[in-house]
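Structure record follows, encoded as structure tokens.
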Amino acid sequence: MAKTACTVPITQIILDEDIYPREGVSLKRVSMFAENMRDGFEIDPIEVQIHPEYGDKYRILDGAHRLQAYKDIGATEIPVHIITLDGLDPLLYAAKKAIGPLQLSEEEARNTARRAYEKNARLSSAEIGKAIGRSRRTVDNYIADLRAKTQVELDLKIFHMRRLGIPQDRIALCLGVPQQTISNHLPKMAVLPNPVNTELKQGFTVPQVAEKHGWAEPLVWSIALEGKRVDWGKG
């Protein structure tokens, strides 16, 4: 991670809600910073990164209250540290910086954990917990439903690719996961189609079953027709 100190126009700095871990700014903290600035106290530079969508803008990683205080006192340029995160999650980096002066509230911690996991399901509970100031077990509770959904989606992708005859190593490569992960999911493949088969036998149509389970219709058709002889007649 690299850091570059410089001064930039205040109009080029954006508070990006996508990577801001708090629900809002505290007017009390803004007022405190503004008073210190007017009295000539030295204030730590705001940490920013180049905005991924706007090359001429920066988004805040740490310092939302200081930015608002600078605006309140009429500053036009402010000192910043431009941070290069080198792959670190910007939301979790911002969260870790935010808990220095004040812990995240329960709702802020939960929302940050869920937002981080939704963007990158490979993040562990320990990694998220370290950033937001919560235990691994607490993070597990925050994201349990999201993790379950991710696992189901992964099961379905593996199941589909296995039915296409794709070997484990290629499945792992395509999905960007270790081959051991594929091996760990394989025992589920035998029972995964059971609910679909049951509903097809009960008379539900392929489109109905596909919509209910979120499966592609061709995949449901492959199960519906498995083991059946299709007589295309004589041409």
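Residues are named by chain letter and number: chains run A, B, ... in the order of the structure tokens, numbers start at 1 in each chain, and ligands are numbered from 1 in the order shown.
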Contact residues around stretch 204-206 of chain A with only C-alpha atoms at 7 Å, ignoring same-chain residues under 4 positions, as a PyMOL selection string: chain A and resi 199-200+210+217+220-221
Store the residues picked out above in a file with C-alpha atoms, as a compact mmCIF listing (two decimals), in the first residue's frame.
```txt
# COMPACT_ATOMS: atom_id res chain seq x y z
CA GLU A 199 -41.98 -31.51 -8.53
CA LEU A 200 -41.72 -32.71 -12.12
CA ALA A 210 -37.21 -23.53 -13.31
CA GLU A 217 -34.90 -24.16 -18.22
CA VAL A 220 -34.38 -28.59 -15.78
CA TRP A 221 -35.15 -30.16 -19.15
```
For A:Ala113, list every protein, DNA or RNA residue within 10 Å, evaluated using only C-alpha atoms, and leave out those in the same chain fewer than 3 positions away; present the list as a PyMOL selection string. chain A and resi 21+91-92+95+107-110+116-118+123+125+127-129+131-132+134+138-140+142-143
List the neighbours of stretch 77-89 of chain A out to 7 Å using only C-alpha atoms; skip same-chain residues closer than 5 positions along the sequence, and give me the result as an MDAnalysis selection string. chainID A and resid 1:10 45:49
Please produce an output containing N, CA and C atoms for each residue in the selection, written as a short mmCIF file (atom, residue, chain, number, x, y, z; two decimals), in the first residue's frame.
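Here's the written file selection_27.cif:
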```
data_model
loop_
_atom_site.label_atom_id
_atom_site.label_comp_id
_atom_site.auth_asym_id
_atom_site.auth_seq_id
_atom_site.Cartn_x
_atom_site.Cartn_y
_atom_site.Cartn_z
N MET A 1 0.85 -1.20 0.00
CA MET A 1 0.00 0.00 0.00
C MET A 1 0.88 1.24 0.00
N ALA A 2 0.63 2.13 -0.96
CA ALA A 2 1.43 3.35 -1.09
C ALA A 2 0.62 4.57 -0.64
N LYS A 3 1.34 5.62 -0.23
CA LYS A 3 0.70 6.84 0.26
C LYS A 3 1.44 8.04 -0.32
N THR A 4 0.69 8.97 -0.93
CA THR A 4 1.27 10.18 -1.51
C THR A 4 0.61 11.40 -0.89
N ALA A 5 1.41 12.31 -0.33
CA ALA A 5 0.89 13.53 0.29
C ALA A 5 0.84 14.66 -0.73
N CYS A 6 -0.29 15.36 -0.76
CA CYS A 6 -0.43 16.51 -1.65
C CYS A 6 -1.63 17.35 -1.22
N THR A 7 -1.88 18.43 -1.94
CA THR A 7 -3.04 19.28 -1.69
C THR A 7 -3.91 19.27 -2.94
N VAL A 8 -5.23 19.09 -2.75
CA VAL A 8 -6.13 19.01 -3.90
C VAL A 8 -7.33 19.93 -3.67
N PRO A 9 -7.97 20.40 -4.74
CA PRO A 9 -9.19 21.21 -4.61
C PRO A 9 -10.28 20.41 -3.89
N ILE A 10 -10.97 21.05 -2.99
CA ILE A 10 -11.99 20.35 -2.19
C ILE A 10 -13.12 19.85 -3.08
N PRO A 45 -4.15 14.85 7.58
CA PRO A 45 -4.70 14.88 6.21
C PRO A 45 -5.79 13.82 6.03
N ILE A 46 -6.73 14.13 5.18
CA ILE A 46 -7.76 13.17 4.80
C ILE A 46 -7.13 12.10 3.90
N GLU A 47 -7.57 10.86 4.06
CA GLU A 47 -7.09 9.78 3.20
C GLU A 47 -8.10 9.57 2.08
N VAL A 48 -7.61 9.56 0.85
CA VAL A 48 -8.48 9.37 -0.32
C VAL A 48 -7.83 8.38 -1.28
N GLN A 49 -8.61 7.91 -2.22
CA GLN A 49 -8.07 7.14 -3.34
C GLN A 49 -8.65 7.71 -4.62
#
```
All residues 7 Å or closer to stretch 61-67 of chain A, only C-alpha atoms, same chain fewer than 3 positions away omitted, as an MDAnalysis selection string: chainID A and resid 15 25 29:30 33 46:49 70:71 94 97:98
Could you tell me which of A:Asn141, A:Ser124, A:Asp18, A:Met189 comes closest to A:His160 if we count only C-alpha atoms?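 When distances to A:His160 are compared using only C-alpha atoms, the smallest one comes from A:Met189.
Residue nearest A:Ser31 within the list A:Gln68, A:Gln12, A:Gln168, A:Ser105: A:Gln68 [criterion: smallest interatomic distance, only C-alpha atoms].
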Which is closer to A:Pro178 than all the others in A:Arg59, A:Ala144, A:Thr76, A:Arg122, using only C-alpha atoms?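 Once distances to A:Pro178 are computed over only C-alpha atoms, the minimum belongs to A:Arg122.
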Atom CA of A:Asp72 to atom CA of A:Glu35, distance in Å rounded to a single decimal: 9.9 Å
What parts of stretch 2-222 of chain A does DSSP call strand (DSSP E)? I'd like the answer as an MDAnalysis selection string. chainID A and resid 2:9 13:14 46:50 58:62 77:84
Counting only C-alpha atoms, which residue out of A:Leu186, A:Ala34, A:Val196, A:Leu154 sits closest to A:His213? A:Val196
What separates atom CA of A:Gln208 and atom CA of A:Leu192 is a distance of 17.4 Å
Give me, as a PDB file with C-alpha atoms, in the first residue's frame, the residues of stretch 13-191 of chain A that a backbone DSSP run labels helix (DSSP H, G or I).
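Result file is part.pdb:
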```pdb
ATOM      1  CA  GLU A  17     -21.656   5.964   0.026  1.00  0.00           C
ATOM      2  CA  ASP A  18     -20.571   2.623  -1.478  1.00  0.00           C
ATOM      3  CA  ILE A  19     -17.442   2.580   0.685  1.00  0.00           C
ATOM      4  CA  LEU A  27     -22.532  17.235  13.371  1.00  0.00           C
ATOM      5  CA  LYS A  28     -20.861  17.373  16.779  1.00  0.00           C
ATOM      6  CA  ARG A  29     -17.600  15.934  15.388  1.00  0.00           C
ATOM      7  CA  VAL A  30     -17.774  18.215  12.354  1.00  0.00           C
ATOM      8  CA  SER A  31     -18.210  21.237  14.629  1.00  0.00           C
ATOM      9  CA  MET A  32     -15.256  20.116  16.778  1.00  0.00           C
ATOM     10  CA  PHE A  33     -12.970  19.783  13.745  1.00  0.00           C
ATOM     11  CA  ALA A  34     -14.103  23.121  12.327  1.00  0.00           C
ATOM     12  CA  GLU A  35     -13.362  24.874  15.634  1.00  0.00           C
ATOM     13  CA  ASN A  36      -9.902  23.294  15.807  1.00  0.00           C
ATOM     14  CA  MET A  37      -9.183  24.354  12.229  1.00  0.00           C
ATOM     15  CA  ARG A  38     -10.168  27.954  12.952  1.00  0.00           C
ATOM     16  CA  ALA A  64     -15.621  12.439   6.137  1.00  0.00           C
ATOM     17  CA  HIS A  65     -16.021  14.665   9.214  1.00  0.00           C
ATOM     18  CA  ARG A  66     -12.854  16.598   8.417  1.00  0.00           C
ATOM     19  CA  LEU A  67     -14.008  17.133   4.837  1.00  0.00           C
ATOM     20  CA  GLN A  68     -17.301  18.625   6.010  1.00  0.00           C
ATOM     21  CA  ALA A  69     -15.446  20.788   8.524  1.00  0.00           C
ATOM     22  CA  TYR A  70     -13.179  22.125   5.774  1.00  0.00           C
ATOM     23  CA  LYS A  71     -16.301  22.969   3.763  1.00  0.00           C
ATOM     24  CA  ASP A  72     -17.838  24.727   6.773  1.00  0.00           C
ATOM     25  CA  PRO A  90     -11.837  -0.119   0.180  1.00  0.00           C
ATOM     26  CA  LEU A  91     -14.987  -0.545   2.290  1.00  0.00           C
ATOM     27  CA  LEU A  92     -13.193  -2.647   4.898  1.00  0.00           C
ATOM     28  CA  TYR A  93     -10.202  -0.301   4.871  1.00  0.00           C
ATOM     29  CA  ALA A  94     -12.541   2.642   5.480  1.00  0.00           C
ATOM     30  CA  ALA A  95     -14.323   0.715   8.236  1.00  0.00           C
ATOM     31  CA  LYS A  96     -11.062  -0.110   9.991  1.00  0.00           C
ATOM     32  CA  LYS A  97     -10.026   3.550   9.901  1.00  0.00           C
ATOM     33  CA  ALA A  98     -13.455   4.634  11.134  1.00  0.00           C
ATOM     34  CA  GLU A 106     -24.363  -2.514  15.602  1.00  0.00           C
ATOM     35  CA  GLU A 107     -26.358  -1.580  12.500  1.00  0.00           C
ATOM     36  CA  GLU A 108     -23.339   0.031  10.826  1.00  0.00           C
ATOM     37  CA  ALA A 109     -21.174  -3.030  11.548  1.00  0.00           C
ATOM     38  CA  ARG A 110     -23.818  -5.421  10.255  1.00  0.00           C
ATOM     39  CA  ASN A 111     -24.445  -3.430   7.078  1.00  0.00           C
ATOM     40  CA  THR A 112     -20.725  -3.052   6.395  1.00  0.00           C
ATOM     41  CA  ALA A 113     -20.134  -6.790   6.857  1.00  0.00           C
ATOM     42  CA  ARG A 114     -22.959  -7.664   4.494  1.00  0.00           C
ATOM     43  CA  ARG A 115     -21.926  -5.120   1.873  1.00  0.00           C
ATOM     44  CA  ALA A 116     -18.318  -6.361   1.971  1.00  0.00           C
ATOM     45  CA  TYR A 117     -19.355 -10.018   1.627  1.00  0.00           C
ATOM     46  CA  GLU A 118     -21.772  -9.270  -1.209  1.00  0.00           C
ATOM     47  CA  LYS A 119     -18.967  -7.614  -3.156  1.00  0.00           C
ATOM     48  CA  SER A 125     -15.451 -13.758   8.649  1.00  0.00           C
ATOM     49  CA  ALA A 126     -12.145 -13.138  10.411  1.00  0.00           C
ATOM     50  CA  GLU A 127     -11.037 -10.621   7.765  1.00  0.00           C
ATOM     51  CA  ILE A 128     -14.326  -8.761   7.923  1.00  0.00           C
ATOM     52  CA  GLY A 129     -14.430  -8.883  11.714  1.00  0.00           C
ATOM     53  CA  LYS A 130     -10.935  -7.430  12.059  1.00  0.00           C
ATOM     54  CA  ALA A 131     -11.949  -4.459   9.921  1.00  0.00           C
ATOM     55  CA  ILE A 132     -15.243  -3.668  11.657  1.00  0.00           C
ATOM     56  CA  ARG A 136     -15.674 -13.902  13.717  1.00  0.00           C
ATOM     57  CA  ARG A 137     -18.765 -15.489  15.266  1.00  0.00           C
ATOM     58  CA  THR A 138     -20.629 -12.193  15.163  1.00  0.00           C
ATOM     59  CA  VAL A 139     -19.755 -11.743  11.494  1.00  0.00           C
ATOM     60  CA  ASP A 140     -20.917 -15.318  10.831  1.00  0.00           C
ATOM     61  CA  ASN A 141     -24.315 -14.305  12.203  1.00  0.00           C
ATOM     62  CA  TYR A 142     -24.373 -11.108  10.150  1.00  0.00           C
ATOM     63  CA  ILE A 143     -23.819 -12.891   6.835  1.00  0.00           C
ATOM     64  CA  ALA A 144     -25.272 -16.377   7.432  1.00  0.00           C
ATOM     65  CA  ASP A 145     -28.091 -15.965   4.906  1.00  0.00           C
ATOM     66  CA  LEU A 146     -25.806 -14.421   2.286  1.00  0.00           C
ATOM     67  CA  ARG A 147     -23.266 -17.208   2.701  1.00  0.00           C
ATOM     68  CA  ALA A 148     -25.981 -19.869   2.371  1.00  0.00           C
ATOM     69  CA  LYS A 149     -27.221 -18.247  -0.845  1.00  0.00           C
ATOM     70  CA  THR A 150     -23.672 -18.109  -2.215  1.00  0.00           C
ATOM     71  CA  GLN A 151     -23.153 -21.794  -1.445  1.00  0.00           C
ATOM     72  CA  VAL A 152     -26.382 -22.762  -3.195  1.00  0.00           C
ATOM     73  CA  GLU A 153     -25.419 -20.718  -6.251  1.00  0.00           C
ATOM     74  CA  LEU A 154     -21.981 -22.367  -6.317  1.00  0.00           C
ATOM     75  CA  ASP A 155     -23.558 -25.820  -5.979  1.00  0.00           C
ATOM     76  CA  LEU A 156     -25.779 -25.099  -8.961  1.00  0.00           C
ATOM     77  CA  LYS A 157     -22.909 -23.873 -11.133  1.00  0.00           C
ATOM     78  CA  ILE A 158     -20.831 -26.951 -10.296  1.00  0.00           C
ATOM     79  CA  PHE A 159     -23.817 -29.236 -10.916  1.00  0.00           C
ATOM     80  CA  HIS A 160     -24.470 -27.661 -14.312  1.00  0.00           C
ATOM     81  CA  MET A 161     -20.842 -27.865 -15.406  1.00  0.00           C
ATOM     82  CA  ARG A 162     -20.528 -31.468 -14.210  1.00  0.00           C
ATOM     83  CA  ARG A 163     -23.539 -32.434 -16.328  1.00  0.00           C
ATOM     84  CA  GLN A 168     -12.952 -30.699 -11.866  1.00  0.00           C
ATOM     85  CA  ASP A 169      -9.791 -28.775 -12.654  1.00  0.00           C
ATOM     86  CA  ARG A 170     -11.486 -26.805 -15.431  1.00  0.00           C
ATOM     87  CA  ILE A 171     -14.539 -26.127 -13.254  1.00  0.00           C
ATOM     88  CA  ALA A 172     -12.261 -24.758 -10.542  1.00  0.00           C
ATOM     89  CA  LEU A 173     -10.483 -22.574 -13.094  1.00  0.00           C
ATOM     90  CA  CYS A 174     -13.727 -21.256 -14.582  1.00  0.00           C
ATOM     91  CA  LEU A 175     -15.241 -20.446 -11.177  1.00  0.00           C
ATOM     92  CA  GLN A 179     -10.104 -27.529  -6.822  1.00  0.00           C
ATOM     93  CA  GLN A 180     -10.563 -28.765  -3.250  1.00  0.00           C
ATOM     94  CA  THR A 181     -13.642 -26.538  -3.024  1.00  0.00           C
ATOM     95  CA  ILE A 182     -15.107 -28.368  -6.025  1.00  0.00           C
ATOM     96  CA  SER A 183     -14.337 -31.723  -4.393  1.00  0.00           C
ATOM     97  CA  ASN A 184     -16.028 -30.588  -1.175  1.00  0.00           C
ATOM     98  CA  HIS A 185     -19.197 -29.698  -3.080  1.00  0.00           C
ATOM     99  CA  LEU A 186     -19.414 -32.891  -5.134  1.00  0.00           C
ATOM    100  CA  PRO A 187     -21.247 -34.984  -2.480  1.00  0.00           C
ATOM    101  CA  LYS A 188     -24.181 -32.572  -2.822  1.00  0.00           C
TER     102      LYS A 188
END
```
Distance criterion (only C-alpha atoms): nearest to A:Ile60 out of A:Val191, A:Ile13, A:Ile166, A:Val177: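 That would be A:Ile13, the residue with the smallest distance to A:Ile60.
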Report, in Å to a single decimal, how far apart atom CA of A:Gly24 and atom CA of A:Ile73 are.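 Computing it gives 19.8 Å between the two atoms.
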